[in-house]
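What's in final-v6.tsv: TSV, C-alpha atoms
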```
chain	number	residue	atom	x	y	z
W	1	MET	CA	25.03	69.25	30.63
W	2	GLU	CA	26.43	72.27	28.87
W	3	LYS	CA	25.19	75.61	30.08
W	4	LYS	CA	23.20	77.59	27.56
W	5	THR	CA	22.31	81.23	27.90
W	6	LEU	CA	18.77	82.45	27.31
W	7	ALA	CA	20.00	83.99	24.06
W	8	ASP	CA	21.18	80.54	22.91
W	9	ILE	CA	17.82	79.03	23.85
W	10	PHE	CA	16.00	81.77	21.95
W	11	VAL	CA	18.16	81.21	18.89
W	12	ASP	CA	17.48	77.44	19.08
W	13	GLY	CA	13.74	78.19	19.02
W	14	ALA	CA	14.14	80.76	16.24
W	15	ARG	CA	16.06	78.15	14.23
W	16	LYS	CA	13.14	75.74	14.68
W	17	GLY	CA	10.96	78.56	13.37
W	18	TRP	CA	13.20	78.96	10.33
W	19	ASN	CA	13.10	75.22	9.65
W	20	ILE	CA	9.31	75.02	10.01
W	21	GLY	CA	9.01	78.20	7.94
W	22	THR	CA	11.10	76.98	5.03
W	23	SER	CA	10.22	73.28	5.09
W	24	SER	CA	6.51	73.47	5.92
W	25	ILE	CA	4.92	76.91	5.78
W	26	LEU	CA	6.56	78.14	2.57
W	27	PRO	CA	5.78	75.09	0.38
W	28	ASN	CA	2.29	74.85	1.88
W	29	LEU	CA	1.56	78.49	1.12
W	30	VAL	CA	2.78	78.16	-2.47
W	31	MET	CA	0.44	75.16	-2.77
W	32	ALA	CA	-2.47	77.01	-1.13
W	33	TYR	CA	-2.09	80.16	-3.23
W	34	ALA	CA	-1.73	78.11	-6.40
W	35	LEU	CA	-4.86	76.15	-5.45
W	36	ILE	CA	-6.86	79.33	-4.94
W	37	GLN	CA	-5.55	80.60	-8.27
W	38	ILE	CA	-6.77	77.41	-9.96
W	39	LEU	CA	-10.17	77.72	-8.28
W	40	ARG	CA	-10.40	81.37	-9.28
W	41	VAL	CA	-9.31	80.98	-12.90
W	42	THR	CA	-11.71	78.07	-13.46
W	43	GLY	CA	-14.57	79.90	-11.75
W	44	LEU	CA	-14.91	77.10	-9.21
W	45	LEU	CA	-14.29	79.51	-6.33
W	46	LYS	CA	-17.36	81.52	-7.26
W	47	LEU	CA	-19.35	78.31	-7.64
W	48	MET	CA	-18.15	77.12	-4.26
W	49	GLY	CA	-19.12	80.45	-2.73
W	50	ASP	CA	-22.67	80.12	-4.06
W	51	PHE	CA	-23.04	76.44	-3.21
W	52	PHE	CA	-21.72	76.56	0.36
W	53	GLY	CA	-23.00	80.09	1.03
W	54	PRO	CA	-26.14	79.07	2.93
W	55	ALA	CA	-24.35	76.47	5.07
W	56	MET	CA	-21.42	78.74	5.92
W	57	ALA	CA	-23.78	81.63	6.73
W	58	ILE	CA	-24.56	79.79	9.98
W	59	PHE	CA	-21.02	80.64	11.07
W	60	GLY	CA	-21.18	84.17	9.69
W	61	LEU	CA	-18.86	83.17	6.83
W	62	PRO	CA	-19.07	83.39	3.03
W	63	GLY	CA	-19.31	80.11	1.08
W	64	GLU	CA	-15.73	80.41	-0.14
W	65	ALA	CA	-14.59	79.79	3.46
W	66	MET	CA	-15.31	76.11	2.79
W	67	ALA	CA	-12.09	76.06	0.73
W	68	VAL	CA	-10.21	77.03	3.91
W	69	LEU	CA	-11.70	74.13	5.89
W	70	MET	CA	-11.12	71.60	3.11
W	71	SER	CA	-7.47	72.50	2.71
W	72	ALA	CA	-6.98	72.71	6.49
W	73	TRP	CA	-8.10	69.09	6.66
W	74	LEU	CA	-5.08	68.20	4.52
W	75	SER	CA	-2.62	70.56	6.21
W	76	MET	CA	-2.89	73.31	8.82
W	77	ALA	CA	-0.44	75.59	7.01
W	78	GLY	CA	-2.36	74.99	3.77
W	79	GLY	CA	-5.62	75.99	5.45
W	80	MET	CA	-3.99	79.13	6.81
W	81	GLY	CA	-2.59	79.89	3.35
W	82	VAL	CA	-5.99	79.59	1.70
W	83	ALA	CA	-7.50	81.82	4.40
W	84	ILE	CA	-4.86	84.51	3.93
W	85	SER	CA	-5.05	84.25	0.15
W	86	LEU	CA	-8.84	84.77	0.28
W	87	TYR	CA	-8.27	87.64	2.73
W	88	SER	CA	-5.87	89.32	0.31
W	89	MET	CA	-8.55	88.98	-2.40
W	90	ASN	CA	-11.07	90.65	-0.06
W	91	VAL	CA	-13.23	87.52	-0.07
W	92	LEU	CA	-12.67	87.13	3.68
W	93	ASN	CA	-12.53	90.03	6.14
W	94	PRO	CA	-10.63	90.11	9.48
W	95	GLU	CA	-13.69	88.82	11.39
W	96	HIS	CA	-13.98	85.87	9.01
W	97	VAL	CA	-10.30	84.98	9.50
W	98	SER	CA	-10.78	85.19	13.29
W	99	ILE	CA	-13.82	82.89	13.15
W	100	LEU	CA	-11.92	80.36	11.03
W	101	LEU	CA	-8.66	80.37	13.02
W	102	PRO	CA	-9.45	77.79	15.77
W	103	ALA	CA	-11.28	75.56	13.28
W	104	ILE	CA	-8.23	75.40	10.99
W	105	PHE	CA	-6.29	73.77	13.83
W	106	LEU	CA	-9.10	71.74	15.42
W	107	MET	CA	-9.80	69.84	12.19
W	108	GLY	CA	-6.37	70.51	10.71
W	109	ALA	CA	-3.97	68.03	9.15
W	110	GLN	CA	-6.22	65.07	9.99
W	111	VAL	CA	-5.11	63.17	6.91
W	112	GLN	CA	-1.47	63.42	8.04
W	113	TYR	CA	-2.22	62.85	11.73
W	114	MET	CA	-4.13	59.65	11.04
W	115	GLY	CA	-0.75	57.99	10.51
W	116	ARG	CA	1.49	60.25	12.54
W	117	MET	CA	-0.71	60.46	15.63
W	118	LEU	CA	-3.35	57.71	15.71
W	119	GLY	CA	-1.11	55.16	13.99
W	120	THR	CA	1.91	55.86	16.18
W	121	ALA	CA	-0.12	55.81	19.41
W	122	GLY	CA	-1.64	52.49	18.32
W	123	VAL	CA	-5.29	53.51	18.56
W	124	GLN	CA	-7.70	50.80	17.35
W	125	THR	CA	-8.70	51.55	13.77
W	126	ARG	CA	-12.40	50.98	14.52
W	127	PHE	CA	-12.35	54.28	16.43
W	128	TYR	CA	-10.89	56.32	13.55
W	129	PRO	CA	-14.27	57.44	12.12
W	130	VAL	CA	-15.41	58.66	15.56
W	131	LEU	CA	-12.11	60.49	16.08
W	132	PHE	CA	-12.45	62.22	12.70
W	133	ALA	CA	-16.05	63.14	13.49
W	134	ILE	CA	-15.10	64.57	16.90
W	135	SER	CA	-12.45	66.81	15.32
W	136	ILE	CA	-14.97	68.15	12.83
W	137	ILE	CA	-17.53	68.71	15.61
W	138	ASN	CA	-14.81	70.61	17.51
W	139	ALA	CA	-14.19	72.79	14.45
W	140	VAL	CA	-17.92	73.48	13.99
W	141	VAL	CA	-18.37	74.42	17.66
W	142	GLY	CA	-15.18	76.49	17.42
W	143	MET	CA	-16.59	78.57	14.56
W	144	LEU	CA	-19.87	79.12	16.43
W	145	VAL	CA	-17.99	80.20	19.57
W	146	MET	CA	-15.71	82.54	17.61
W	147	ARG	CA	-18.69	84.05	15.81
W	148	VAL	CA	-19.94	85.21	19.21
W	149	LEU	CA	-16.48	86.34	20.39
W	150	VAL	CA	-15.36	88.43	17.38
K	1	MET	CA	-3.73	47.87	41.82
K	2	ALA	CA	-0.04	47.23	41.50
K	3	GLU	CA	2.18	50.24	41.25
K	4	PRO	CA	2.74	51.02	37.60
K	5	GLN	CA	6.09	50.13	36.17
K	6	LYS	CA	8.23	53.23	36.15
K	7	THR	CA	9.79	54.22	32.91
K	8	GLU	CA	10.95	57.45	31.43
K	9	TYR	CA	7.42	57.99	30.18
K	10	CYS	CA	5.58	56.67	33.17
K	11	VAL	CA	6.50	59.00	36.01
K	12	PRO	CA	4.18	59.89	38.87
K	13	ASP	CA	2.90	63.43	38.83
K	14	LYS	CA	5.45	65.06	41.13
K	15	LEU	CA	6.35	68.10	39.17
K	16	VAL	CA	8.53	70.81	40.69
K	17	VAL	CA	8.07	74.18	39.07
K	18	PRO	CA	10.39	77.04	40.07
K	19	TRP	CA	8.75	80.41	40.83
K	20	TYR	CA	10.11	81.89	37.63
K	21	GLY	CA	8.24	79.19	35.70
K	22	TYR	CA	4.99	80.86	36.70
K	23	VAL	CA	6.45	84.29	35.92
K	24	ALA	CA	7.42	83.01	32.45
K	25	LEU	CA	3.92	81.62	31.90
K	26	ILE	CA	2.27	84.90	32.92
K	27	PHE	CA	4.77	86.77	30.74
K	28	ALA	CA	3.88	84.52	27.77
K	29	ILE	CA	0.17	85.05	28.25
K	30	ILE	CA	0.64	88.83	28.40
K	31	VAL	CA	2.95	89.01	25.37
K	32	PHE	CA	0.64	86.93	23.18
K	33	SER	CA	-2.59	88.46	24.51
K	34	GLY	CA	-1.98	91.79	22.82
K	35	VAL	CA	-3.29	93.67	25.88
K	36	MET	CA	-0.13	95.75	25.98
K	37	ALA	CA	-0.41	96.87	22.35
K	38	LYS	CA	-2.45	99.92	23.19
K	39	GLN	CA	-0.78	100.86	26.49
K	40	ALA	CA	1.84	103.56	27.12
K	41	GLN	CA	4.82	103.42	24.74
K	42	TRP	CA	7.20	101.58	27.10
K	43	LEU	CA	4.62	98.92	27.95
K	44	THR	CA	4.32	97.91	24.29
K	45	VAL	CA	7.65	96.14	24.81
K	46	PHE	CA	5.44	93.34	26.20
K	47	ASP	CA	3.49	93.01	22.96
K	48	PHE	CA	4.38	90.38	20.37
K	49	ASN	CA	3.39	92.40	17.32
K	50	THR	CA	5.35	95.42	18.58
K	51	ILE	CA	8.54	93.42	19.05
K	52	ASN	CA	8.02	91.70	15.72
K	53	GLY	CA	7.88	95.17	14.17
K	54	ASN	CA	7.22	95.96	10.54
K	55	PHE	CA	8.95	95.53	7.22
K	56	GLY	CA	9.92	98.69	5.43
K	57	VAL	CA	7.67	99.62	2.55
K	58	MET	CA	8.47	99.41	-1.15
K	59	LYS	CA	7.84	102.57	-3.08
K	60	ASP	CA	4.17	102.98	-4.01
K	61	ALA	CA	3.26	99.63	-2.51
K	62	LYS	CA	1.82	99.08	0.94
K	63	THR	CA	4.02	96.13	1.83
K	64	ILE	CA	7.35	94.50	1.03
K	65	GLN	CA	5.30	91.67	-0.47
K	66	GLY	CA	4.21	94.06	-3.21
K	67	GLN	CA	0.70	94.71	-4.42
K	68	GLY	CA	-1.54	92.77	-6.74
K	69	GLY	CA	0.43	89.53	-6.73
K	70	THR	CA	-1.40	86.28	-7.44
K	71	GLY	CA	-0.91	82.52	-7.38
K	72	GLY	CA	2.14	80.56	-6.28
K	73	ARG	CA	4.53	83.51	-6.54
K	74	ASP	CA	2.38	85.67	-4.29
K	75	GLY	CA	2.15	82.77	-1.82
K	76	PHE	CA	5.93	82.46	-1.84
K	77	MET	CA	6.42	86.17	-1.15
K	78	PHE	CA	3.83	86.08	1.60
K	79	ALA	CA	5.49	83.03	3.21
K	80	LEU	CA	8.81	84.89	3.23
K	81	THR	CA	7.24	87.81	5.10
K	82	LEU	CA	5.89	85.33	7.63
K	83	ILE	CA	9.15	83.66	8.60
K	84	PRO	CA	10.41	86.34	11.05
K	85	SER	CA	7.13	86.09	13.02
K	86	VAL	CA	7.46	82.32	13.21
K	87	MET	CA	11.11	82.55	14.29
K	88	LEU	CA	10.31	85.14	16.95
K	89	ALA	CA	7.28	83.24	18.25
K	90	LEU	CA	9.07	79.89	18.47
K	91	GLY	CA	12.12	81.61	20.00
K	92	PHE	CA	9.85	82.94	22.75
K	93	VAL	CA	8.15	79.60	23.24
K	94	GLU	CA	11.57	77.90	23.57
K	95	VAL	CA	12.72	80.39	26.24
K	96	ILE	CA	9.43	80.13	28.13
K	97	ASP	CA	9.66	76.35	28.03
K	98	HIS	CA	13.28	76.48	29.25
K	99	LEU	CA	12.26	78.65	32.20
K	100	GLY	CA	9.56	76.18	33.18
K	101	GLY	CA	6.63	78.16	31.82
K	102	LEU	CA	5.05	75.18	30.10
K	103	LYS	CA	5.63	73.01	33.20
K	104	ALA	CA	3.86	75.72	35.21
K	105	GLY	CA	0.99	75.47	32.77
K	106	GLN	CA	1.01	71.69	33.15
K	107	LYS	CA	0.98	71.95	36.94
K	108	LEU	CA	-1.88	74.44	36.94
K	109	LEU	CA	-3.87	72.52	34.35
K	110	THR	CA	-3.40	68.92	35.57
K	111	PRO	CA	-5.88	69.14	38.48
K	112	ILE	CA	-8.41	70.69	36.11
K	113	LEU	CA	-7.77	68.31	33.22
K	114	ARG	CA	-7.80	65.12	35.25
K	115	PRO	CA	-11.50	65.20	36.16
K	116	ILE	CA	-12.38	66.55	32.70
K	117	LEU	CA	-10.42	64.03	30.67
K	118	GLY	CA	-10.62	61.16	33.12
K	119	LEU	CA	-6.93	60.45	32.64
K	120	PRO	CA	-4.40	59.53	35.33
K	121	GLY	CA	-1.84	62.17	36.35
K	122	ILE	CA	1.02	60.20	34.76
K	123	THR	CA	-0.25	61.38	31.37
K	124	GLY	CA	0.65	64.98	32.30
K	125	LEU	CA	4.10	64.87	30.68
K	126	ALA	CA	2.81	63.29	27.47
K	127	LEU	CA	-0.03	65.79	27.46
K	128	VAL	CA	2.22	68.82	27.66
K	129	THR	CA	4.61	67.24	25.13
K	130	SER	CA	1.77	66.63	22.68
K	131	ILE	CA	0.88	70.31	22.57
K	132	GLN	CA	4.40	70.99	21.32
K	133	SER	CA	4.92	67.97	19.06
K	134	THR	CA	2.23	65.68	17.72
K	135	ASP	CA	4.77	62.99	16.93
K	136	ALA	CA	6.46	63.03	20.34
K	137	GLY	CA	3.07	63.01	22.11
K	138	ALA	CA	1.90	60.05	20.05
K	139	GLY	CA	5.12	58.15	20.78
K	140	MET	CA	4.78	58.76	24.51
K	141	THR	CA	1.13	57.67	24.43
K	142	LYS	CA	2.19	54.38	22.88
K	143	MET	CA	4.82	53.92	25.61
K	144	LEU	CA	2.27	54.71	28.34
K	145	LYS	CA	0.02	51.95	27.03
K	146	GLU	CA	2.83	49.44	26.51
K	147	THR	CA	4.02	49.92	30.09
K	148	ASP	CA	0.42	49.58	31.35
K	149	CYS	CA	0.40	53.12	32.71
K	150	ILE	CA	-2.88	53.65	30.89
K	151	ASN	CA	-5.45	51.19	29.57
K	152	GLU	CA	-7.00	50.89	26.11
K	153	LYS	CA	-9.89	53.18	26.98
K	154	GLU	CA	-7.59	55.86	28.37
K	155	ARG	CA	-5.38	55.64	25.31
K	156	THR	CA	-8.38	56.24	23.06
K	157	ILE	CA	-9.65	59.22	25.10
K	158	PHE	CA	-6.13	60.69	25.31
K	159	SER	CA	-5.71	60.25	21.56
K	160	ALA	CA	-8.97	62.09	20.92
K	161	TRP	CA	-7.50	64.98	22.93
K	162	GLN	CA	-4.29	64.95	20.90
K	163	PHE	CA	-5.80	64.28	17.46
K	164	SER	CA	-7.87	67.47	17.28
K	165	GLY	CA	-5.55	70.46	17.17
K	166	GLY	CA	-2.39	68.32	17.47
K	167	GLY	CA	0.92	70.03	18.26
K	168	THR	CA	-1.21	72.99	19.32
K	169	ILE	CA	1.39	75.50	20.51
K	170	THR	CA	3.92	74.89	17.73
K	171	ASN	CA	1.34	74.83	14.94
K	172	TYR	CA	-0.57	77.81	16.26
K	173	PHE	CA	2.50	80.00	16.63
K	174	ALA	CA	4.01	78.80	13.35
K	175	SER	CA	1.16	78.51	10.84
K	176	GLY	CA	-1.25	80.67	12.81
K	177	ALA	CA	1.25	83.55	12.85
K	178	ALA	CA	0.00	84.38	9.35
K	179	ALA	CA	-3.21	85.66	10.91
K	180	PHE	CA	-1.86	87.42	14.00
K	181	ALA	CA	-1.78	90.86	12.40
K	182	ILE	CA	-5.22	90.40	10.87
K	183	ILE	CA	-7.48	88.90	13.54
K	184	THR	CA	-9.82	91.10	15.54
K	185	VAL	CA	-9.38	89.20	18.82
K	186	PRO	CA	-6.34	88.86	21.16
K	187	ILE	CA	-3.81	86.31	19.85
K	188	VAL	CA	-4.35	84.02	22.86
K	189	LEU	CA	-8.13	83.87	22.53
K	190	PRO	CA	-8.34	81.41	19.60
K	191	LEU	CA	-5.71	79.32	21.42
K	192	VAL	CA	-7.91	79.17	24.53
K	193	VAL	CA	-10.89	78.17	22.36
K	194	ILE	CA	-8.78	75.38	20.83
K	195	PHE	CA	-7.81	74.05	24.30
K	196	VAL	CA	-11.34	74.14	25.63
K	197	LEU	CA	-12.64	72.32	22.54
K	198	LYS	CA	-9.89	69.69	22.71
K	199	CYS	CA	-11.26	68.88	26.18
K	200	PHE	CA	-14.82	69.00	24.85
K	201	GLY	CA	-13.91	66.56	22.07
K	202	SER	CA	-12.21	64.08	24.38
K	203	THR	CA	-15.26	64.26	26.65
K	204	LEU	CA	-17.38	63.26	23.66
K	205	MET	CA	-15.01	60.31	23.14
K	206	ARG	CA	-15.33	59.39	26.82
K	207	LEU	CA	-19.13	59.44	26.61
K	208	TYR	CA	-19.05	57.49	23.37
K	209	LEU	CA	-16.89	54.77	24.93
K	210	ARG	CA	-19.02	54.64	28.04
K	211	TYR	CA	-22.44	54.47	26.43
K	212	LEU	CA	-22.05	53.22	22.89
K	213	VAL	CA	-19.17	50.77	22.97
K	214	LYS	CA	-19.63	47.49	24.80
K	215	GLU	CA	-16.03	46.42	25.00
K	216	VAL	CA	-12.81	48.34	24.53
```
Rewritten as structure tokens:
Amino acid sequence: MEKKTLADIFVDGARKGWNIGTSSILPNLVMAYALIQILRVTGLLKLMGDFFGPAMAIFGLPGEAMAVLMSAWLSMAGGMGVAISLYSMNVLNPEHVSILLPAIFLMGAQVQYMGRMLGTAGVQTRFYPVLFAISIINAVVGMLVMRVLV
Amino acid sequence: MAEPQKTEYCVPDKLVVPWYGYVALIFAIIVFSGVMAKQAQWLTVFDFNTINGNFGVMKDAKTIQGQGGTGGRDGFMFALTLIPSVMLALGFVEVIDHLGGLKAGQKLLTPILRPILGLPGITGLALVTSIQSTDAGAGMTKMLKETDCINEKERTIFSAWQFSGGGTITNYFASGAAAFAIITVPIVLPLVVIFVLKCFGSTLMRLYLRYLVKEV
């Protein structure tokens, strides 16, 4: 095996970061910011805020935070993008982002992972609904825990 | 029970971690905890956000991203500002992994995880792999089942652990990096919450299989 220095190893990791950054994070953020723009221009974001306000108040979050969870379900980077976009619009504050952070990953990218994780591992499809439910329960508990910790 | 067939994926839990593996793990926890951010000047060298530094500012704007941007273009600019953090974080993770830091974590966690998850020790490697790559973890889980290292029930419980918060470390330090400068808690805290809840979720799956499913 060829000998690599720590600097080489670091650069390998940084390169992975560049690849993830350009191939996943960047397109996902463009999508997330565009989505928020669509929701804002159409007034749906405000509507969402009002509609989900009472439910999200349990977690100490404004109703608009629901948009973060919904997009996280499709992709983790997308969920992060929506969160940061709402933060830059002053809809979310730093505490809100902290409360949402674990949830974005706990229920994140489920639509993709159904094939990539459950499908690959060969899990019986009859358990899929329970597995989805458990991830969402994890996210809900995560927000409650973070509400206490922030 | 017959000794399980040994394959690349089905190795008994005899992990050797060099001393510097533990040092690397402790180092990682300190760097990403943010505890050094407010210490004496020289100690801030052990703080992720300090090493990551800051962009220069554009005239009259607070950030290089500019002010008042909206929509896809603003998202693009923001993503660009994020890439150095992701590169730095994954560079660190790679070095820590190379030094055995993640193996040290595996070794320290296995005795705790085994009773919690109810999984045999041979899943340790797949477990630590799955926190870096969802796809690799899923592939190894399939192999573990095909070589009879784990049974159907164990595969389902293990998958519940992997499915929620999959590829934890990589995703958290890549996508999550967007929030590192904003959040009001140490960077490692949400990560700890994610790990604890992954275990909580797989425990729910274990209970579900035990009490609500007749046959797996």
Point-to-point distance in Å for CA of Phe200 (chain K) and CA of Ala160 (chain K): 9.9 Å
Determine, using only C-alpha atoms, which residues of region 159-196 of chain K have any atom at most 8 Å from an atom of region 92-111 of chain W, and tabulate each with its shortest atom pair and distance in Å to one decimal place, rows ordered by chain and then rising number, as JSON lines.
```
{"residue": "K:Phe163", "atom": "CA", "partner": "W:Gln110", "partner_atom": "CA", "distance": 7.5}
{"residue": "K:Ser164", "atom": "CA", "partner": "W:Leu106", "partner_atom": "CA", "distance": 4.8}
{"residue": "K:Gly165", "atom": "CA", "partner": "W:Leu106", "partner_atom": "CA", "distance": 4.2}
{"residue": "K:Gly166", "atom": "CA", "partner": "W:Phe105", "partner_atom": "CA", "distance": 7.6}
{"residue": "K:Thr168", "atom": "CA", "partner": "W:Phe105", "partner_atom": "CA", "distance": 7.5}
{"residue": "K:Asn171", "atom": "CA", "partner": "W:Phe105", "partner_atom": "CA", "distance": 7.8}
{"residue": "K:Tyr172", "atom": "CA", "partner": "W:Phe105", "partner_atom": "CA", "distance": 7.4}
{"residue": "K:Gly176", "atom": "CA", "partner": "W:Leu101", "partner_atom": "CA", "distance": 7.4}
{"residue": "K:Ala179", "atom": "CA", "partner": "W:Val97", "partner_atom": "CA", "distance": 7.3}
{"residue": "K:Ile182", "atom": "CA", "partner": "W:Pro94", "partner_atom": "CA", "distance": 5.6}
{"residue": "K:Ile183", "atom": "CA", "partner": "W:Ser98", "partner_atom": "CA", "distance": 5.0}
{"residue": "K:Thr184", "atom": "CA", "partner": "W:Glu95", "partner_atom": "CA", "distance": 6.1}
{"residue": "K:Val185", "atom": "CA", "partner": "W:Ser98", "partner_atom": "CA", "distance": 7.0}
{"residue": "K:Pro190", "atom": "CA", "partner": "W:Pro102", "partner_atom": "CA", "distance": 5.4}
{"residue": "K:Leu191", "atom": "CA", "partner": "W:Pro102", "partner_atom": "CA", "distance": 6.9}
{"residue": "K:Val193", "atom": "CA", "partner": "W:Pro102", "partner_atom": "CA", "distance": 6.8}
{"residue": "K:Ile194", "atom": "CA", "partner": "W:Pro102", "partner_atom": "CA", "distance": 5.6}
```
All residues 12 Å or closer to Ile157 (chain K), all atoms listed in the file, same chain fewer than 5 positions away omitted, as a PyMOL selection string: (chain W and resi 118+121+123-124+127-128+130-131+134) or (chain K and resi 114+116-120+123+127+141+150-152+162-164+198-210+216)
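CA of Gln65 (chain K) sits 13.9 Å away from CA of Val30 (chain W).
Note that the spacing between CA of Ala104 (chain K) and CA of Leu25 (chain K) amounts to 6.8 Å.
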Of the listed residues W:Met76, W:Asp50, W:Ala67, W:Ala34, that which approaches Phe173 (chain K) most closely, counting only C-alpha atoms: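 Between W:Met76, W:Asp50, W:Ala67, W:Ala34, the residue approaching Phe173 (chain K) most closely is W:Met76.
Residues in contact with Met31 (chain W) at up to 8 Å, not including ones fewer than 4 positions away on its chain and judged by all atoms listed in the file, are W:Pro27, W:Leu35, W:Gly78, K:Gly72, K:Gly75.
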Given only C-alpha atoms as the counted atoms, nearest of W:Ile84, W:Ile58, W:Leu69, W:Val148 to chain K: W:Ile84
Once you add 3 Å to each side, what are the centre and edge lengths of the axis-aligned box holding all listed atoms of region 6-22 of chain W? One decimal in Å, as lines of an AutoDock Vina configuration file, if you can.
```
center_x = 15.1
center_y = 79.5
center_z = 16.2
size_x = 18.2
size_y = 15.0
size_z = 28.3
```
Top pick for closest residue to chain W, considering K:Gly56, K:Gly105, K:Gly66, K:Pro84 and counting all atoms listed in the file: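 Using all atoms listed in the file, the shortest distance to chain W belongs to K:Pro84.
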Close residues, Val11 (chain W) itself excluded, 12 Å, only C-alpha atoms, min 6 positions apart in chain, as a ChimeraX atom specification: /W:4-5,17-18 /K:87-95
Dump of C-alpha atoms for the selected residues, as an mmCIF file, in the frame of the given file:
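And here is the file that came out, selection.cif:
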```
data_model
loop_
_atom_site.group_PDB
_atom_site.id
_atom_site.type_symbol
_atom_site.label_atom_id
_atom_site.label_comp_id
_atom_site.auth_asym_id
_atom_site.auth_seq_id
_atom_site.Cartn_x
_atom_site.Cartn_y
_atom_site.Cartn_z
ATOM 1 C CA LYS W 4 23.200 77.590 27.560
ATOM 2 C CA THR W 5 22.310 81.230 27.900
ATOM 3 C CA GLY W 17 10.960 78.560 13.370
ATOM 4 C CA TRP W 18 13.200 78.960 10.330
ATOM 5 C CA MET K 87 11.110 82.550 14.290
ATOM 6 C CA LEU K 88 10.310 85.140 16.950
ATOM 7 C CA ALA K 89 7.280 83.240 18.250
ATOM 8 C CA LEU K 90 9.070 79.890 18.470
ATOM 9 C CA GLY K 91 12.120 81.610 20.000
ATOM 10 C CA PHE K 92 9.850 82.940 22.750
ATOM 11 C CA VAL K 93 8.150 79.600 23.240
ATOM 12 C CA GLU K 94 11.570 77.900 23.570
ATOM 13 C CA VAL K 95 12.720 80.390 26.240
#
```
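Comparing the minimum interatomic distances between chain K and each of W:Phe59, W:Trp73, W:Phe52, W:Tyr113, counting all atoms listed in the file, we find that W:Tyr113 sits nearest.
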Pick from K:Ala177, K:Ile83, K:Ala40, K:Val128 nearest to chain W, counting all atoms listed in the file: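 The shortest atom-to-atom distance to chain W comes from K:Ile83.
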Option closest in space to Val140 (chain W), from K:Phe48, K:Lys214, K:Leu197, K:Gly139 [counting only C-alpha atoms]: K:Leu197
Lys103 (chain K) environment, 9 Å, all atoms listed in the file, sequence neighbours closer than 5 positions dropped, as a list in words: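 Here the qualifying residues turn out to be Leu15, Val16, Val17, Gly21, Tyr22, Leu25, Asp97, Leu108, Leu125 and Val128 of chain K.
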Expected file: the selected residues, C-alpha atoms, as a compact mmCIF listing (two decimals), keeping the file's coordinate frame:
```txt
# COMPACT_ATOMS: atom_id res chain seq x y z
CA LEU K 15 6.35 68.10 39.17
CA VAL K 16 8.53 70.81 40.69
CA VAL K 17 8.07 74.18 39.07
CA GLY K 21 8.24 79.19 35.70
CA TYR K 22 4.99 80.86 36.70
CA LEU K 25 3.92 81.62 31.90
CA ASP K 97 9.66 76.35 28.03
CA LEU K 108 -1.88 74.44 36.94
CA LEU K 125 4.10 64.87 30.68
CA VAL K 128 2.22 68.82 27.66
```
Spatial sel., origin (4.8, 54.3, 13.8), limit 10 Å, only C-alpha atoms, listed as a list in words: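 Using only C-alpha atoms, the matching residues come out as Gly115, Arg116, Met117, Leu118, Gly119, Thr120, Ala121 and Gly122 of chain W; Asp135, Ala138, Gly139 and Lys142 of chain K.
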